[in-house]
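S.K.: Coordinates in start_1.cif, mmCIF, C-alpha atoms, are listed below.
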```
data_coords
#
loop_
_atom_site.group_PDB
_atom_site.id
_atom_site.type_symbol
_atom_site.label_atom_id
_atom_site.label_comp_id
_atom_site.auth_asym_id
_atom_site.auth_seq_id
_atom_site.Cartn_x
_atom_site.Cartn_y
_atom_site.Cartn_z
ATOM 1 C CA MET A 385 -18.712 -12.498 4.708
ATOM 2 C CA GLU A 386 -21.844 -11.088 3.080
ATOM 3 C CA ARG A 387 -23.194 -7.976 4.699
ATOM 4 C CA ASP A 388 -26.787 -6.972 4.822
ATOM 5 C CA PRO A 389 -26.984 -3.672 2.924
ATOM 6 C CA ARG A 390 -29.623 -2.466 5.371
ATOM 7 C CA GLN A 391 -27.044 -2.618 8.158
ATOM 8 C CA ARG A 392 -24.770 -0.220 6.332
ATOM 9 C CA GLY A 393 -26.580 2.987 7.151
ATOM 10 C CA GLU A 394 -25.465 6.158 8.924
ATOM 11 C CA GLY A 395 -24.830 4.269 12.156
ATOM 12 C CA VAL A 396 -22.077 2.278 10.483
ATOM 13 C CA VAL A 397 -20.530 5.052 8.414
ATOM 14 C CA ILE A 398 -19.692 7.485 11.254
ATOM 15 C CA PRO A 399 -17.705 4.981 13.412
ATOM 16 C CA SER A 400 -16.176 3.717 10.194
ATOM 17 C CA ILE A 401 -14.891 7.218 9.410
ATOM 18 C CA ALA A 402 -13.450 7.556 12.924
ATOM 19 C CA MET A 403 -11.695 4.180 12.654
ATOM 20 C CA ALA A 404 -10.375 5.079 9.190
ATOM 21 C CA THR A 405 -8.931 8.352 10.504
ATOM 22 C CA VAL A 406 -7.361 6.766 13.611
ATOM 23 C CA GLY A 407 -5.963 3.842 11.617
ATOM 24 C CA GLY A 408 -4.651 6.288 9.031
ATOM 25 C CA ALA A 409 -2.893 8.286 11.771
ATOM 26 C CA MET A 410 -1.230 5.058 12.982
ATOM 27 C CA ILE A 411 0.010 4.434 9.432
ATOM 28 C CA GLY A 412 1.329 8.008 9.174
ATOM 29 C CA LEU A 413 3.119 7.720 12.539
ATOM 30 C CA ALA A 414 4.632 4.364 11.520
ATOM 31 C CA ALA A 415 5.983 6.082 8.394
ATOM 32 C CA SER A 416 7.408 8.842 10.612
ATOM 33 C CA ALA A 417 9.030 6.255 12.893
ATOM 34 C CA LEU A 418 10.800 4.698 9.901
ATOM 35 C CA LEU A 419 11.941 8.146 8.772
ATOM 36 C CA LEU A 420 13.183 9.107 12.255
ATOM 37 C CA THR A 421 15.046 5.877 12.967
ATOM 38 C CA HIS A 422 16.418 4.957 9.535
ATOM 39 C CA GLY A 423 15.731 7.908 7.244
ATOM 40 C CA ARG A 424 13.693 5.655 4.981
ATOM 41 C CA ILE A 425 10.421 6.099 3.110
ATOM 42 C CA ALA A 426 7.657 3.698 4.184
ATOM 43 C CA GLY A 427 6.578 2.560 0.750
ATOM 44 C CA VAL A 428 5.499 -1.070 1.002
ATOM 45 C CA SER A 429 5.903 -1.914 -2.691
ATOM 46 C CA GLY A 430 9.383 -0.375 -2.724
ATOM 47 C CA ILE A 431 10.388 -2.221 0.450
ATOM 48 C CA VAL A 432 9.142 -5.577 -0.873
ATOM 49 C CA GLY A 433 10.521 -4.890 -4.361
ATOM 50 C CA GLY A 434 13.873 -4.055 -2.795
ATOM 51 C CA LEU A 435 14.020 -7.578 -1.368
ATOM 52 C CA ILE A 436 13.876 -9.102 -4.852
ATOM 53 C CA ARG A 437 17.364 -9.043 -6.343
ATOM 54 C CA PRO A 438 18.390 -6.115 -4.171
ATOM 55 C CA ARG A 439 20.300 -3.248 -5.740
ATOM 56 C CA ASP A 440 22.027 -2.216 -2.524
ATOM 57 C CA ALA A 441 23.387 -4.049 0.481
ATOM 58 C CA ALA A 442 21.022 -2.395 2.955
ATOM 59 C CA THR A 443 18.268 -4.983 2.880
ATOM 60 C CA SER A 444 18.085 -6.117 6.500
ATOM 61 C CA TRP A 445 15.800 -3.230 7.546
ATOM 62 C CA ARG A 446 13.448 -4.190 4.704
ATOM 63 C CA VAL A 447 13.261 -7.795 5.918
ATOM 64 C CA VAL A 448 12.590 -6.640 9.484
ATOM 65 C CA PHE A 449 9.894 -4.164 8.382
ATOM 66 C CA VAL A 450 8.096 -6.892 6.388
ATOM 67 C CA LEU A 451 8.392 -9.237 9.409
ATOM 68 C CA GLY A 452 6.753 -6.476 11.472
ATOM 69 C CA LEU A 453 3.936 -6.221 8.933
ATOM 70 C CA LEU A 454 3.423 -9.990 9.073
ATOM 71 C CA PHE A 455 3.553 -10.012 12.901
ATOM 72 C CA GLY A 456 1.016 -7.170 12.998
ATOM 73 C CA GLY A 457 -1.153 -9.151 10.599
ATOM 74 C CA GLY A 458 -0.854 -12.118 12.960
ATOM 75 C CA LEU A 459 -2.000 -9.938 15.876
ATOM 76 C CA LEU A 460 -5.030 -8.868 13.832
ATOM 77 C CA VAL A 461 -5.818 -12.486 12.996
ATOM 78 C CA GLY A 462 -5.525 -13.425 16.683
ATOM 79 C CA PHE A 463 -7.265 -10.504 18.386
ATOM 80 C CA ALA A 464 -9.431 -8.790 15.741
ATOM 81 C CA PRO A 465 -10.091 -11.381 13.032
ATOM 82 C CA GLU A 466 -13.075 -9.386 11.726
ATOM 83 C CA THR A 467 -10.670 -6.729 10.423
ATOM 84 C CA ILE A 468 -9.345 -9.080 7.712
ATOM 85 C CA ALA A 469 -11.739 -10.166 4.970
ATOM 86 C CA GLU A 470 -11.216 -11.903 1.654
ATOM 87 C CA PRO A 471 -12.832 -10.284 -1.407
ATOM 88 C CA SER A 472 -16.140 -12.188 -1.619
ATOM 89 C CA SER A 473 -17.029 -10.774 -5.052
ATOM 90 C CA ARG A 474 -13.776 -11.737 -6.780
ATOM 91 C CA SER A 475 -12.657 -15.109 -8.146
ATOM 92 C CA MET A 476 -9.200 -16.513 -7.479
ATOM 93 C CA ALA A 477 -8.337 -15.899 -11.136
ATOM 94 C CA ALA A 478 -9.269 -12.216 -10.800
ATOM 95 C CA VAL A 479 -7.214 -11.890 -7.605
ATOM 96 C CA ALA A 480 -4.217 -13.605 -9.221
ATOM 97 C CA VAL A 481 -4.298 -11.244 -12.219
ATOM 98 C CA ALA A 482 -4.748 -8.353 -9.784
ATOM 99 C CA GLY A 483 -1.597 -9.419 -7.945
ATOM 100 C CA LEU A 484 0.415 -9.482 -11.175
ATOM 101 C CA PHE A 485 -0.859 -6.033 -12.190
ATOM 102 C CA VAL A 486 -0.078 -4.598 -8.758
ATOM 103 C CA GLY A 487 3.412 -6.133 -8.789
ATOM 104 C CA VAL A 488 4.310 -4.864 -12.265
ATOM 105 C CA GLY A 489 2.490 -1.538 -11.885
ATOM 106 C CA THR A 490 4.035 -0.557 -8.556
ATOM 107 C CA ARG A 491 7.545 -1.305 -9.850
ATOM 108 C CA LEU A 492 7.014 0.642 -13.084
ATOM 109 C CA GLY A 493 5.354 3.479 -11.190
ATOM 110 C CA ASN A 494 7.868 3.376 -8.296
ATOM 111 C CA GLY A 495 5.310 3.177 -5.523
ATOM 112 C CA CYS A 496 1.887 2.347 -4.184
ATOM 113 C CA THR A 497 -0.722 3.682 -1.783
ATOM 114 C CA SER A 498 1.817 4.110 1.029
ATOM 115 C CA GLY A 499 4.869 5.423 -0.825
ATOM 116 C CA HIS A 500 3.073 7.785 -3.209
ATOM 117 C CA GLY A 501 -0.266 8.223 -1.438
ATOM 118 C CA VAL A 502 0.955 8.800 2.123
ATOM 119 C CA CYS A 503 4.663 9.679 2.090
ATOM 120 C CA GLY A 504 4.731 11.382 -1.313
ATOM 121 C CA LEU A 505 1.630 13.489 -0.810
ATOM 122 C CA SER A 506 2.893 14.478 2.669
ATOM 123 C CA ARG A 507 5.943 16.105 1.097
ATOM 124 C CA LEU A 508 3.824 17.588 -1.724
ATOM 125 C CA SER A 509 5.716 15.674 -4.423
ATOM 126 C CA GLY A 510 4.420 16.368 -7.920
ATOM 127 C CA ARG A 511 5.309 12.855 -9.087
ATOM 128 C CA SER A 512 3.455 11.259 -6.193
ATOM 129 C CA MET A 513 0.481 13.528 -6.777
ATOM 130 C CA ALA A 514 0.347 12.430 -10.438
ATOM 131 C CA ALA A 515 0.804 8.747 -9.550
ATOM 132 C CA THR A 516 -1.869 8.884 -6.832
ATOM 133 C CA LEU A 517 -4.374 10.526 -9.172
ATOM 134 C CA SER A 518 -3.601 7.837 -11.748
ATOM 135 C CA PHE A 519 -4.081 4.802 -9.470
ATOM 136 C CA ILE A 520 -7.130 6.257 -7.720
ATOM 137 C CA ALA A 521 -8.727 6.954 -11.116
ATOM 138 C CA THR A 522 -8.045 3.491 -12.563
ATOM 139 C CA GLY A 523 -8.994 1.829 -9.257
ATOM 140 C CA PHE A 524 -12.393 3.547 -9.292
ATOM 141 C CA LEU A 525 -12.821 2.860 -13.023
ATOM 142 C CA THR A 526 -12.022 -0.835 -12.607
ATOM 143 C CA ALA A 527 -14.282 -1.517 -9.604
ATOM 144 C CA THR A 528 -17.059 0.556 -11.199
ATOM 145 C CA ALA A 529 -16.705 -1.227 -14.551
ATOM 146 C CA ILE A 530 -16.970 -4.591 -12.767
ATOM 147 C CA GLN A 531 -20.155 -3.302 -11.101
ATOM 148 C CA LEU A 532 -21.729 -1.967 -14.291
ATOM 149 C CA LEU A 533 -20.619 -4.698 -16.711
ATOM 150 C CA PHE A 534 -20.646 -7.806 -14.528
ATOM 151 C CA GLY A 535 -23.018 -6.893 -11.701
ATOM 152 C CA GLY A 536 -20.233 -6.410 -9.170
ATOM 153 C CA SER A 537 -18.627 -9.857 -9.301
ATOM 154 C CA LEU A 538 -15.729 -11.082 -11.407
ATOM 155 C CA MET B 546 19.291 -4.717 18.108
ATOM 156 C CA ILE B 547 17.450 -1.499 18.992
ATOM 157 C CA PRO B 548 17.570 -0.261 15.367
ATOM 158 C CA HIS B 549 16.002 -3.517 14.232
ATOM 159 C CA LEU B 550 13.419 -3.437 17.022
ATOM 160 C CA SER B 551 12.410 0.073 15.975
ATOM 161 C CA VAL B 552 11.832 -0.996 12.350
ATOM 162 C CA PHE B 553 9.945 -4.049 13.543
ATOM 163 C CA GLY B 554 7.769 -1.824 15.746
ATOM 164 C CA ALA B 555 7.124 0.528 12.824
ATOM 165 C CA GLY B 556 6.025 -2.448 10.736
ATOM 166 C CA VAL B 557 3.692 -3.690 13.476
ATOM 167 C CA LEU B 558 2.177 -0.211 13.970
ATOM 168 C CA PHE B 559 1.745 0.144 10.197
ATOM 169 C CA ALA B 560 -0.045 -3.229 10.049
ATOM 170 C CA LEU B 561 -2.311 -2.469 13.004
ATOM 171 C CA GLY B 562 -3.149 0.905 11.439
ATOM 172 C CA LEU B 563 -4.177 -0.837 8.221
ATOM 173 C CA GLY B 564 -6.355 -3.217 10.251
ATOM 174 C CA VAL B 565 -7.996 -0.509 12.377
ATOM 175 C CA SER B 566 -8.631 1.686 9.333
ATOM 176 C CA GLY B 567 -10.511 -0.996 7.380
ATOM 177 C CA MET B 568 -7.931 -1.327 4.607
ATOM 178 C CA THR B 569 -7.439 -5.060 5.265
ATOM 179 C CA ASP B 570 -11.135 -5.698 4.545
ATOM 180 C CA ALA B 571 -10.995 -6.285 0.787
ATOM 181 C CA ASN B 572 -14.788 -5.989 0.497
ATOM 182 C CA LYS B 573 -14.663 -2.560 2.103
ATOM 183 C CA VAL B 574 -11.922 -1.485 -0.321
ATOM 184 C CA ILE B 575 -13.969 -2.699 -3.285
ATOM 185 C CA ALA B 576 -17.046 -0.896 -1.893
ATOM 186 C CA PHE B 577 -14.960 2.287 -1.560
ATOM 187 C CA LEU B 578 -13.840 2.104 -5.199
ATOM 188 C CA ASN B 579 -17.362 1.486 -6.525
ATOM 189 C CA PRO B 580 -19.790 4.413 -6.061
ATOM 190 C CA PHE B 581 -22.433 2.509 -8.026
ATOM 191 C CA GLY B 582 -22.743 -0.297 -5.474
ATOM 192 C CA GLN B 583 -23.104 -0.001 -1.687
ATOM 193 C CA TRP B 584 -20.677 2.930 -1.661
ATOM 194 C CA ASP B 585 -18.544 3.212 1.482
ATOM 195 C CA PRO B 586 -16.551 6.455 1.245
ATOM 196 C CA SER B 587 -15.062 6.118 4.752
ATOM 197 C CA LEU B 588 -11.682 4.839 3.510
ATOM 198 C CA ALA B 589 -10.923 8.289 2.083
ATOM 199 C CA PHE B 590 -10.294 9.272 5.721
ATOM 200 C CA VAL B 591 -7.378 6.821 5.935
ATOM 201 C CA MET B 592 -5.461 9.205 3.685
ATOM 202 C CA VAL B 593 -6.614 12.172 5.778
ATOM 203 C CA GLY B 594 -5.355 10.572 9.010
ATOM 204 C CA ALA B 595 -2.149 9.215 7.500
ATOM 205 C CA ILE B 596 -1.102 12.374 5.664
ATOM 206 C CA GLY B 597 -2.123 14.526 8.646
ATOM 207 C CA ALA B 598 -0.031 12.518 11.114
ATOM 208 C CA HIS B 599 2.950 12.133 8.788
ATOM 209 C CA MET B 600 2.976 15.774 7.686
ATOM 210 C CA ALA B 601 2.689 16.975 11.268
ATOM 211 C CA THR B 602 5.763 15.004 12.353
ATOM 212 C CA ARG B 603 8.080 14.764 9.347
ATOM 213 C CA ARG B 604 9.174 18.416 9.414
ATOM 214 C CA SER B 605 10.618 18.194 12.903
ATOM 215 C CA ILE B 606 12.225 14.833 12.049
ATOM 216 C CA LEU B 607 13.921 16.298 8.981
ATOM 217 C CA ARG B 608 15.325 19.154 11.068
ATOM 218 C CA ARG B 609 17.801 16.616 12.463
ATOM 219 C CA SER B 610 21.116 16.261 10.642
ATOM 220 C CA ALA B 611 20.683 12.477 10.414
ATOM 221 C CA PRO B 612 18.249 9.735 11.390
ATOM 222 C CA LEU B 613 18.777 8.010 14.755
ATOM 223 C CA TYR B 614 20.320 4.845 13.307
ATOM 224 C CA GLY B 615 21.552 5.873 9.896
ATOM 225 C CA SER B 616 24.037 8.223 8.276
ATOM 226 C CA ALA B 617 21.573 10.225 6.178
ATOM 227 C CA PHE B 618 17.940 10.600 5.195
ATOM 228 C CA SER B 619 17.407 8.715 1.942
ATOM 229 C CA ALA B 620 17.302 11.073 -1.001
ATOM 230 C CA VAL B 621 14.096 11.006 -2.980
ATOM 231 C CA PRO B 622 14.833 11.035 -6.715
ATOM 232 C CA GLN B 623 13.749 14.314 -8.257
ATOM 233 C CA ARG B 624 12.469 13.295 -11.651
ATOM 234 C CA ALA B 625 9.795 14.678 -13.905
ATOM 235 C CA VAL B 626 6.387 13.099 -14.280
ATOM 236 C CA ASP B 627 6.689 10.695 -17.209
ATOM 237 C CA ALA B 628 4.594 8.141 -19.077
ATOM 238 C CA ARG B 629 6.153 5.236 -17.185
ATOM 239 C CA LEU B 630 5.032 6.694 -13.842
ATOM 240 C CA ILE B 631 1.467 7.337 -14.974
ATOM 241 C CA ALA B 632 1.122 4.008 -16.804
ATOM 242 C CA GLY B 633 2.650 2.011 -13.939
ATOM 243 C CA ALA B 634 0.463 3.680 -11.318
ATOM 244 C CA GLY B 635 -2.532 3.224 -13.622
ATOM 245 C CA LEU B 636 -1.829 -0.509 -13.969
ATOM 246 C CA PHE B 637 -1.463 -0.757 -10.188
ATOM 247 C CA GLY B 638 -4.867 0.919 -9.793
ATOM 248 C CA VAL B 639 -6.496 -1.584 -12.170
ATOM 249 C CA GLY B 640 -5.114 -4.398 -9.995
ATOM 250 C CA TRP B 641 -6.314 -2.625 -6.845
ATOM 251 C CA GLY B 642 -9.877 -2.311 -8.134
ATOM 252 C CA LEU B 643 -9.791 -5.836 -9.545
ATOM 253 C CA GLY B 644 -8.618 -7.624 -6.393
ATOM 254 C CA GLY B 645 -9.344 -5.212 -3.530
ATOM 255 C CA PHE B 646 -5.744 -5.377 -2.266
ATOM 256 C CA CYS B 647 -2.855 -2.952 -2.465
ATOM 257 C CA PRO B 648 0.615 -4.163 -1.366
ATOM 258 C CA GLY B 649 0.457 -3.321 2.380
ATOM 259 C CA PRO B 650 -2.962 -4.842 3.118
ATOM 260 C CA GLY B 651 -2.058 -7.871 0.968
ATOM 261 C CA ILE B 652 0.989 -8.653 3.092
ATOM 262 C CA VAL B 653 -0.780 -7.862 6.382
ATOM 263 C CA SER B 654 -3.681 -10.169 5.377
ATOM 264 C CA ALA B 655 -1.347 -13.040 4.441
ATOM 265 C CA PRO B 656 -1.108 -14.455 8.017
ATOM 266 C CA SER B 657 -4.871 -15.079 7.857
ATOM 267 C CA LEU B 658 -3.921 -17.807 5.335
ATOM 268 C CA GLY B 659 -6.880 -16.702 3.240
ATOM 269 C CA PRO B 660 -6.481 -18.105 -0.287
ATOM 270 C CA SER B 661 -7.085 -14.728 -1.967
ATOM 271 C CA ALA B 662 -4.530 -12.909 0.179
ATOM 272 C CA ALA B 663 -1.976 -15.670 -0.437
ATOM 273 C CA ALA B 664 -2.614 -15.721 -4.206
ATOM 274 C CA PHE B 665 -2.453 -11.928 -4.355
ATOM 275 C CA VAL B 666 0.871 -11.679 -2.524
ATOM 276 C CA GLY B 667 2.398 -14.558 -4.506
ATOM 277 C CA CYS B 668 1.406 -13.057 -7.862
ATOM 278 C CA MET B 669 2.463 -9.567 -6.752
ATOM 279 C CA VAL B 670 5.964 -10.817 -5.926
ATOM 280 C CA VAL B 671 6.105 -12.626 -9.288
ATOM 281 C CA GLY B 672 5.041 -9.406 -11.039
ATOM 282 C CA MET B 673 7.750 -7.455 -9.224
ATOM 283 C CA ALA B 674 10.381 -10.060 -10.108
ATOM 284 C CA ILE B 675 9.346 -10.107 -13.787
ATOM 285 C CA THR B 676 9.571 -6.321 -13.932
ATOM 286 C CA ARG B 677 12.983 -6.301 -12.314
ATOM 287 C CA LYS B 678 14.228 -8.969 -14.723
ATOM 288 C CA LEU B 679 12.925 -7.135 -17.802
ATOM 289 C CA GLU B 680 14.460 -3.895 -16.553
ATOM 290 C CA ALA B 681 17.831 -5.584 -16.091
ATOM 291 C CA ARG B 682 17.640 -7.082 -19.586
ATOM 292 C CA LEU B 683 16.620 -3.792 -21.187
ATOM 293 C CA SER B 684 19.390 -1.885 -19.477
ATOM 294 C CA THR B 685 22.086 -4.390 -20.565
ATOM 295 C CA ASN B 686 20.796 -4.549 -24.149
ATOM 296 C CA SER B 687 20.551 -0.827 -24.688
ATOM 297 C CA PRO B 688 23.689 0.851 -26.053
ATOM 298 C CA PRO B 689 25.613 3.063 -23.623
ATOM 299 C CA GLN B 690 24.329 6.614 -23.709
#
```
How would this structure read if it were set down as structure tokens?
M.R.:
Amino acid sequence: MERDPRQRGEGVVIPSIAMATVGGAMIGLAASALLLTHGRIAGVSGIVGGLIRPRDAATSWRVVFVLGLLFGGGLLVGFAPETIAEPSSRSMAAVAVAGLFVGVGTRLGNGCTSGHGVCGLSRLSGRSMAATLSFIATGFLTATAIQLLFGGSL
Amino acid sequence: MIPHLSVFGAGVLFALGLGVSGMTDANKVIAFLNPFGQWDPSLAFVMVGAIGAHMATRRSILRRSAPLYGSAFSAVPQRAVDARLIAGAGLFGVGWGLGGFCPGPGIVSAPSLGPSAAAFVGCMVVGMAITRKLEARLSTNSPPQ
């Protein structure tokens, strides 16, 4: 959905920051719940990657966690559909390539926004700090390059 | 049953947190990563909230001798920062800025049946499978150390 830039002033940013912080706290507590109950790290790419040709037998918790993610997504679709939006400035080809890069990159780099960015930074891991700096930097560079070279759409 | 319910609940809470925070709005993510457009820096506070809540609780959790439904807390590999880590994370970031999805929001958005979310998740899984396959091939081809 296209948004009118004029509607995105101060009045939108402050509630947006509050929602981001509260939603972030829910994510952090969900990660703590997984740690408390199963001693596992809530890294989504690692959990999904672990379902593909699993290395160890303990896969059932991964399946159930992903089912929980999908059920939660279903609740959002049903009760707060405005929270889910498709990227309006990106073609299907761009999104498909993005998916491949994210799949390969998170397996090579052993983690994503949740595993490195939330769990790793919370335990002050040097590896996660380095990985987070790397993906934040290239994420900003990529979206900014698309803005400056292609006018924001690709 | 209760162990599974607890993981399921953690997954649901994680998903709802992504939704509440704005991370499942791919346009918001792209706006966050692009200071030269209609910059929306609010998503930086997702990390603040998530790290704050997780840091505040993980210490007391780790004081236990074992998790509630497991024999031990999973050991985190203690390895040095290497080129593979930086390059892999860097490639992930390129995909994040290109599509507006990281793995969690991609999966949580999939039930919307949006074509972008579906294509993203499908290609992500293919990328993971390719990587795993190449890794397996490389490790069987390389001579024993």
S.K.: Pick out the residues sitting within 9 Å of Leu419 (chain A), and hand them over as a PyMOL selection string; count all atoms listed in the file, and ignore anything fewer than 2 positions along from it in its own chain.
M.R.: (chain A and resi 414-417+421-426) or (chain B and resi 603+606-607+612+618-619)
S.K.: At a cut-off of 6 Å, list the chain A residues touching chain B, using all atoms listed in the file, as a ChimeraX atom specification.
M.R.: /A:401,403-405,407-414,416,420-424,428-429,448-449,452-454,456-458,461,467-471,479-480,482-490,492-493,502,506,511,515,518-519,522-524,526-528
S.K.: Can you measure CA of Thr516 (chain A) to CA of Thr497 (chain A) for me? One decimal in Å is fine.
M.R.: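 So the answer is 7.3 Å.
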S.K.: What is the distance between CA of Leu435 (chain A) and CA of Ser475 (chain A), in Å to one decimal?
M.R.: 28.5 Å
